[in-house]
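Have a look at target_27.csv below; it lists CSV, C-alpha atoms.
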chain,number,residue,atom,x,y,z
A,205,MET,CA,64.5,177.3,106.1
A,206,VAL,CA,65.6,176.9,109.6
A,207,SER,CA,69.0,178.5,110.4
A,208,LYS,CA,71.9,176.8,112.1
A,209,GLU,CA,71.3,179.0,115.2
A,210,GLN,CA,67.7,177.9,115.4
A,211,LYS,CA,68.7,174.2,115.1
A,212,ARG,CA,71.4,174.7,117.7
A,213,ALA,CA,69.0,176.5,120.1
A,214,SER,CA,66.4,173.7,119.6
A,215,LEU,CA,68.9,171.0,120.3
A,216,HIS,CA,70.1,172.8,123.4
A,217,GLU,CA,66.5,173.2,124.6
A,218,LYS,CA,65.8,169.5,124.1
A,219,LEU,CA,69.0,168.5,125.9
A,220,GLN,CA,68.1,170.7,128.8
A,221,LEU,CA,64.7,169.1,128.9
A,222,LEU,CA,66.3,165.6,128.8
A,223,ARG,CA,68.6,166.7,131.6
A,224,SER,CA,65.8,167.9,133.8
A,225,VAL,CA,63.6,164.8,133.2
A,226,THR,CA,66.5,162.4,134.1
A,227,ASN,CA,67.7,164.5,137.1
A,228,SER,CA,71.1,164.8,135.5
A,229,HIS,CA,73.6,167.3,136.8
A,230,ALA,CA,75.9,166.9,133.7
A,231,LEU,CA,76.8,169.9,131.6
A,232,LYS,CA,78.2,168.2,128.5
A,233,LYS,CA,76.0,166.8,125.8
A,234,THR,CA,77.5,163.3,125.9
A,235,SER,CA,77.3,163.2,129.7
A,236,ILE,CA,73.6,164.2,129.6
A,237,ILE,CA,72.9,161.4,127.0
A,238,ILE,CA,74.9,158.9,129.2
A,239,ASP,CA,72.8,159.9,132.2
A,240,ALA,CA,69.6,159.5,130.2
A,241,SER,CA,70.7,156.1,129.1
A,242,LYS,CA,71.4,155.0,132.7
A,243,TYR,CA,68.0,156.5,133.7
A,244,ILE,CA,66.2,154.5,131.0
A,245,GLN,CA,68.0,151.3,132.2
A,246,GLU,CA,66.8,152.0,135.8
A,247,LEU,CA,63.3,152.5,134.6
A,248,LYS,CA,63.4,149.2,132.6
A,249,GLN,CA,64.6,147.4,135.8
A,250,LYS,CA,61.7,148.9,137.8
A,251,VAL,CA,59.2,147.9,135.1
A,252,GLU,CA,60.6,144.4,135.2
A,253,GLU,CA,60.4,144.2,139.0
A,254,LEU,CA,56.8,145.5,138.9
A,255,ASN,CA,55.9,143.0,136.3
A,256,GLN,CA,57.4,140.2,138.5
A,257,ASP,CA,55.4,141.6,141.5
A,258,LEU,CA,52.3,141.6,139.4
A,259,ALA,CA,52.8,138.1,138.2
A,260,ASN,CA,53.5,137.0,141.8
A,261,ALA,CA,50.3,138.7,142.9
A,262,GLN,CA,48.2,137.0,140.2
A,263,THR,CA,49.7,133.7,141.2
A,264,SER,CA,49.1,134.5,144.8
A,265,THR,CA,45.5,135.5,144.1
A,266,ASP,CA,45.0,132.3,142.0
A,267,GLN,CA,46.3,130.1,144.8
A,268,ASN,CA,44.6,132.3,147.4
A,269,THR,CA,47.8,132.2,149.5
A,270,LEU,CA,50.0,134.9,151.1
A,271,PRO,CA,49.7,138.7,150.9
A,272,MET,CA,51.6,140.6,148.2
A,273,VAL,CA,54.4,143.0,149.4
A,274,THR,CA,55.9,145.9,147.5
A,275,VAL,CA,58.7,148.1,148.9
A,276,GLU,CA,60.0,151.3,147.3
A,277,THR,CA,63.0,153.3,148.4
A,278,THR,CA,62.5,157.0,149.1
A,279,GLU,CA,65.1,159.7,150.1
A,280,LYS,CA,64.3,159.2,153.8
A,281,GLY,CA,63.4,155.6,153.9
A,282,PHE,CA,60.8,153.2,152.4
A,283,VAL,CA,57.2,152.9,151.3
A,284,ILE,CA,55.8,149.5,152.2
A,285,ASN,CA,52.6,148.1,150.8
A,286,VAL,CA,51.1,144.8,151.8
A,287,PHE,CA,47.8,143.6,150.2
A,288,SER,CA,45.7,140.5,150.5
A,289,ALA,CA,42.3,139.8,149.0
A,290,LYS,CA,41.2,138.3,152.4
A,291,SER,CA,41.3,139.5,155.9
A,292,CYS,CA,44.5,138.6,157.8
A,293,PRO,CA,43.9,138.8,161.6
A,294,GLY,CA,47.2,139.2,163.4
A,295,LEU,CA,49.3,140.2,160.3
A,296,PHE,CA,49.4,143.8,161.3
A,297,VAL,CA,51.2,143.0,164.6
A,298,SER,CA,53.7,140.7,162.8
A,299,ILE,CA,54.6,143.4,160.3
A,300,LEU,CA,55.1,146.0,163.1
A,301,GLU,CA,57.2,143.5,165.0
A,302,SER,CA,59.3,143.1,161.9
A,303,PHE,CA,59.7,146.9,161.7
A,304,GLU,CA,60.9,146.9,165.2
A,305,GLU,CA,63.4,144.1,164.6
A,306,MET,CA,64.9,146.0,161.7
A,307,SER,CA,65.0,149.3,163.7
A,308,LEU,CA,62.7,151.0,161.2
A,309,ASN,CA,60.7,154.0,162.4
A,310,VAL,CA,57.1,154.2,161.2
A,311,VAL,CA,56.6,157.7,160.0
A,312,GLU,CA,53.1,157.1,158.7
A,313,ALA,CA,50.9,154.1,158.5
A,314,ARG,CA,47.4,153.1,157.3
A,315,ALA,CA,45.8,149.7,157.6
A,316,THR,CA,42.5,148.2,156.6
A,317,CYS,CA,41.7,144.7,158.0
A,318,THR,CA,37.9,144.2,157.4
A,319,ASP,CA,37.2,142.1,154.3
A,320,THR,CA,40.7,142.5,152.8
A,321,PHE,CA,44.0,143.4,154.3
A,322,LEU,CA,45.7,146.6,153.1
A,323,PHE,CA,48.7,148.0,154.9
A,324,HIS,CA,50.6,151.1,153.7
A,325,ALA,CA,53.5,152.5,155.7
A,326,VAL,CA,56.3,155.0,155.3
A,327,GLY,CA,59.2,153.8,157.3
A,328,GLY,CA,62.3,155.7,158.0
A,329,LYS,CA,65.8,154.4,158.8
A,330,ASN,CA,66.7,154.7,162.4
A,331,GLU,CA,69.7,157.0,162.3
A,332,GLU,CA,70.8,156.0,165.8
A,333,GLN,CA,71.4,152.4,164.8
A,334,GLY,CA,73.7,153.4,161.9
A,335,LYS,CA,72.7,150.4,159.8
A,336,ASN,CA,72.3,150.5,156.0
A,337,ILE,CA,69.1,148.8,155.1
A,338,ASP,CA,68.1,148.4,151.4
A,339,ALA,CA,64.6,147.8,149.9
A,340,ARG,CA,65.4,144.2,149.2
A,341,ALA,CA,66.2,143.5,152.9
A,342,VAL,CA,62.9,145.3,154.0
A,343,LYS,CA,60.9,143.2,151.5
A,344,GLN,CA,62.6,140.0,152.7
A,345,ALA,CA,61.8,140.9,156.3
A,346,MET,CA,58.2,141.6,155.4
A,347,GLY,CA,58.0,138.3,153.6
A,348,GLN,CA,59.4,136.5,156.6
A,349,ALA,CA,56.9,138.3,158.9
A,350,ILE,CA,54.1,137.1,156.6
A,351,LYS,CA,55.5,133.6,156.5
A,352,ASN,CA,55.7,133.5,160.3
A,353,TRP,CA,52.2,134.9,160.6
A,354,SER,CA,50.9,132.3,158.1
A,355,GLN,CA,52.5,129.4,160.1
A,356,ASN,CA,51.0,130.7,163.3
A,357,ALA,CA,47.6,131.2,161.7
A,358,ASP,CA,47.7,127.7,160.4
A,359,GLN,CA,48.4,126.3,163.8
A,360,LYS,CA,45.4,127.9,165.4

Please lay out the structure from this file as structure tokens.
Amino acid sequence: MVSKEQKRASLHEKLQLLRSVTNSHALKKTSIIIDASKYIQELKQKVEELNQDLANAQTSTDQNTLPMVTVETTEKGFVINVFSAKSCPGLFVSILESFEEMSLNVVEARATCTDTFLFHAVGGKNEEQGKNIDARAVKQAMGQAIKNWSQNADQK
């Protein structure tokens, strides 16, 4: 049979694993479990947002309309992805103008504009401006840049 010490050691090991997986700095068992619960809620929210983005992308693809945008927050800024199943001449410039308006620094960027449009950028907050910018604001700004581009493209 398993002794109490072995059970206790096993439980302690599992709690430490849970603590490391959830990036918890708590020391007490209950605090580790509470942090894990919060972490699970955050993951559920991210899954829900990704499912919404996927549903929007499918609707967008079905209607052959505007490009899809995703924005993720990182420690030093944001990762922005814009995708369209068709080429989007001029969209790249609109997106970069939006970055400039928000005072976001482009740390790294990749774009493909041949048959499809794919833009991937790592943007950092401009520390000199002192503004707090969240992922939702960046996504809205990208959406507005796409909308403006679309209206200009329709007029041509």

*asked:* Calculated over only C-alpha atoms, which of the candidates A:Val225, A:Val311, A:Ile236, A:Val273 has the smallest distance to A:Ile299?
replied: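 Smallest separation from A:Ile299 among the options: A:Val273.
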
_Residues within 9 Å of A:Asn309, please, as a ChimeraX atom specification. Count only C-alpha atoms; anything in the same chain fewer than 4 positions from it doesn't count._
/A:303-304,326-330

*Hey, which of A:Ser207, A:Thr226, A:Ser235, A:Ser298 ends up closest to A:Gly347? Count only C-alpha atoms.*
A:Ser298

*Nearest candidate to A:Thr320 (options A:Met272, A:Leu300, A:Ala345, A:Ala339; using only C-alpha atoms)*: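 Selected residue with least distance to A:Thr320: A:Met272.
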
*Gap from atom CA of A:Glu301 to atom CA of A:Met346 - Å, one decimal*: 9.8 Å

*Rank A:Ser354, A:Gln344, A:Gln249, A:Thr316 by their smallest atom-to-atom distance to A:Leu270, using all atoms listed in the file, and report the top residue only.*
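For A:Leu270, the nearest of the given residues is A:Ser354.
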
*Which of these residues is nearest to A:Gln220, using all atoms listed in the file: A:Val206, A:Val283, A:Ile237, A:Cys317?*
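Checking each of A:Val206, A:Val283, A:Ile237, A:Cys317 against A:Gln220, counting all atoms listed in the file, the winner is A:Ile237.
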
*Counting all atoms listed in the file, which of A:Ile337, A:Ala240, A:Leu308, A:Ala313 gets nearest to A:Arg223?*
A:Ala240

_Residues near stretch 216-219 of chain A, cut-off 12 Å, all atoms listed in the file, skip fewer than 2 positions along chain, as a list in words_ = Glu209, Gln210, Lys211, Arg212, Ala213, Ser214, Leu221, Leu222, Arg223, Ser224, Val225, Thr226, Asn227, Ser228, His229, Ala230, Leu231, Lys232, Lys233, Thr234, Ser235, Ile236, Ile237, Ile238, Asp239 and Ala240 of chain A

*Residues near A:Arg340, cut-off 10 Å, only C-alpha atoms, skip fewer than 6 positions along chain, as a VMD selection string*: chain A and resid 274 to 277 346

*For atom CA of A:Ala289 and atom CA of A:Asp319, the interatomic separation in Å (one decimal)*: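 Atom-to-atom, atom CA of A:Ala289 and atom CA of A:Asp319 are spaced 7.7 Å apart.
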
*Just how far from atom CA of A:Asn356 is atom CA of A:Leu258, in Å to one decimal?*
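Computing the Euclidean distance for atom CA of A:Leu258 and atom CA of A:Asn356 yields 26.3 Å.
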
Given the point (49.1, 141.7, 162.3) in the coordinates of this file, which residues lie within 10 Å, counting all atoms listed in the file, and how would they look as an mmCIF file with C-alpha atoms, in the frame of the given file?
data_model
loop_
_atom_site.group_PDB
_atom_site.id
_atom_site.type_symbol
_atom_site.label_atom_id
_atom_site.label_comp_id
_atom_site.auth_asym_id
_atom_site.auth_seq_id
_atom_site.Cartn_x
_atom_site.Cartn_y
_atom_site.Cartn_z
ATOM 1 C CA CYS A 292 44.500 138.600 157.800
ATOM 2 C CA PRO A 293 43.900 138.800 161.600
ATOM 3 C CA GLY A 294 47.200 139.200 163.400
ATOM 4 C CA LEU A 295 49.300 140.200 160.300
ATOM 5 C CA PHE A 296 49.400 143.800 161.300
ATOM 6 C CA VAL A 297 51.200 143.000 164.600
ATOM 7 C CA SER A 298 53.700 140.700 162.800
ATOM 8 C CA ILE A 299 54.600 143.400 160.300
ATOM 9 C CA LEU A 300 55.100 146.000 163.100
ATOM 10 C CA GLU A 301 57.200 143.500 165.000
ATOM 11 C CA ALA A 315 45.800 149.700 157.600
ATOM 12 C CA CYS A 317 41.700 144.700 158.000
ATOM 13 C CA PHE A 321 44.000 143.400 154.300
ATOM 14 C CA PHE A 323 48.700 148.000 154.900
ATOM 15 C CA ALA A 349 56.900 138.300 158.900
ATOM 16 C CA ILE A 350 54.100 137.100 156.600
ATOM 17 C CA TRP A 353 52.200 134.900 160.600
#
